[in-house]
Amino acid sequence: MKKLLLIILAAAFCLPGWAKDEGKKLPAHAKVFLAPMGGFENDLKTAIEKKKVPVEIVAERDKADFEITGTSETEKAGKAKKVIMLDWHSNEQASITVSNLKSGEVVFAYSVNKQSSAHGKRSTAEACAKHLKDQIEGK
Amino acid sequence: MFKMAAILVALAGMVAYPAVAQTAQPSGAQSKAQDNAQTGAQQKPPAETQAEQQNKPTEPSTEAAKKTPADAKPNAPAKVSVNATKIPSGSRIYVAPMGGFENYVIAGILKKKVPVSVVSDRDKAEYEIRGAAETEKAGWAKMLFMGSQNSNEQASINVQEIKSGSVVFAYSVNKLNSVRGKQSAGEAIGKHLNEAIGKD
């Protein structure tokens, strides 16, 4: 009887903490809205589908539970880079933030920098999608 | 012999730095202590003698005398703790728009596991991070002579308490040849913000 009481007490103490952590995570199959990021949202959408990230992308913000905002920059190879470094690839950097629309809390953020990116924005978008998937799956 | 040496050092100090010598205590105390160390060491225990020597005012050494007030000024650190009060652990922080850099700051905060909760709504926050960032891309000369295509990054942030408006933390970072660009600057901010969070 005492043991049972102890287990119940321990569970009562642990549950709020567990629930708090759950609120800070992006759950699987959550409805996600991709905010405009100067065209990068299209690359990100394609990458999310390619990497099979377990989320549901919605077109309207009102129907979403989470929102992905971010920024992306491309530095195309200049003449100097082409002549001196013999490198035609661009440098890419991007950063995304996933926030809960109800609580306003940021549940995930990731930034990536790729020098001489072989596939341009596609590479950074796929890196973001890959890490988003890892976070959902708890890896 | 020791007395003679002590007097000579004191005289040299007075001639070279008269202002310092005026404020300093006379060298008699030191010579007395040396006398005690030589003659009275048998009567007093060695620990007591050492303590006495440390407590007694002594002639400033030549190295100390050479130090001018300008030299004594410590180098200004990059991180400035504006207020002594620390940001409480678990505080809700809003990162204001900084031309896209805010996303890198948020990513840096989460990556460095800063014990705060980042919110996207200013009304729900207790603190606000404001700042600016600049990027200087590598030019042709840098590529040719240095063989480097990395950019130079600089950023500066300050953390304000929304209610009182007081700045509780400020930090600036400058990264030459930043391998990861803005990501490096964002992570440096996250790392140093960790120090401003009160861990209780």
# chains A, B, ... in the order shown; residues from 1 in each chain; ligands from 1

call {"tool": "closest_atom_pairs", "arguments": {"of": "chain B", "to": "chain A", "cutoff": "6 Å", "atoms": "only C-alpha atoms", "output": "JSON lines"}}
result
{"residue": "B:Gly100", "atom": "CA", "partner": "A:Thr71", "partner_atom": "CA", "distance": 5.6}
{"residue": "B:Asn103", "atom": "CA", "partner": "A:Ser95", "partner_atom": "CA", "distance": 5.6}
{"residue": "B:Tyr104", "atom": "CA", "partner": "A:Ser95", "partner_atom": "CA", "distance": 5.9}
{"residue": "B:Ala107", "atom": "CA", "partner": "A:Ala109", "partner_atom": "CA", "distance": 4.6}
{"residue": "B:Val118", "atom": "CA", "partner": "A:Val106", "partner_atom": "CA", "distance": 5.4}
{"residue": "B:Val119", "atom": "CA", "partner": "A:Glu105", "partner_atom": "CA", "distance": 4.2}
{"residue": "B:Ser120", "atom": "CA", "partner": "A:Gly104", "partner_atom": "CA", "distance": 5.1}
{"residue": "B:Asp121", "atom": "CA", "partner": "A:Gly104", "partner_atom": "CA", "distance": 5.6}
{"residue": "B:Trp140", "atom": "CA", "partner": "A:Ala80", "partner_atom": "CA", "distance": 5.1}
{"residue": "B:Arg180", "atom": "CA", "partner": "A:Asn113", "partner_atom": "CA", "distance": 5.5}

call {"tool": "residues_around", "arguments": {"residues": "range 182-196 of chain B", "least_positions_apart": "6", "cutoff": "6 Å", "atoms": "only C-alpha atoms", "output": "JSON, numbers by chain"}}
result
{"B": [86, 104, 105, 108, 109, 112, 114]}

call {"tool": "write_last_selection", "arguments": {"atoms": "C-alpha atoms", "output": "short mmCIF file (atom, residue, chain, number, x, y, z; two decimals), in the first residue's frame"}}
result
data_model
loop_
_atom_site.label_atom_id
_atom_site.label_comp_id
_atom_site.auth_asym_id
_atom_site.auth_seq_id
_atom_site.Cartn_x
_atom_site.Cartn_y
_atom_site.Cartn_z
CA LYS B 86 20.81 38.49 -13.59
CA TYR B 104 20.10 33.04 -36.03
CA VAL B 105 19.98 34.40 -32.47
CA GLY B 108 21.94 30.02 -31.16
CA ILE B 109 19.95 30.30 -27.92
CA LYS B 112 23.45 26.45 -26.59
CA VAL B 114 20.15 28.71 -22.67
#

call {"tool": "residues_around", "arguments": {"residues": "range 50-59 of chain A", "least_positions_apart": "5", "cutoff": "8 Å", "atoms": "only C-alpha atoms", "output": "count of residues only"}}
result
15

call {"tool": "atom_distance", "arguments": {"atom1": "CA of Glu153 in chain B", "atom2": "CA of Glu134 in chain B"}}
result
5.9 Å

call {"tool": "residues_around", "arguments": {"residues": "Ala155 in chain B", "least_positions_apart": "4", "cutoff": "8 Å", "atoms": "only C-alpha atoms", "output": "VMD selection string"}}
result
chain B and resid 131 to 134 172 to 174 185
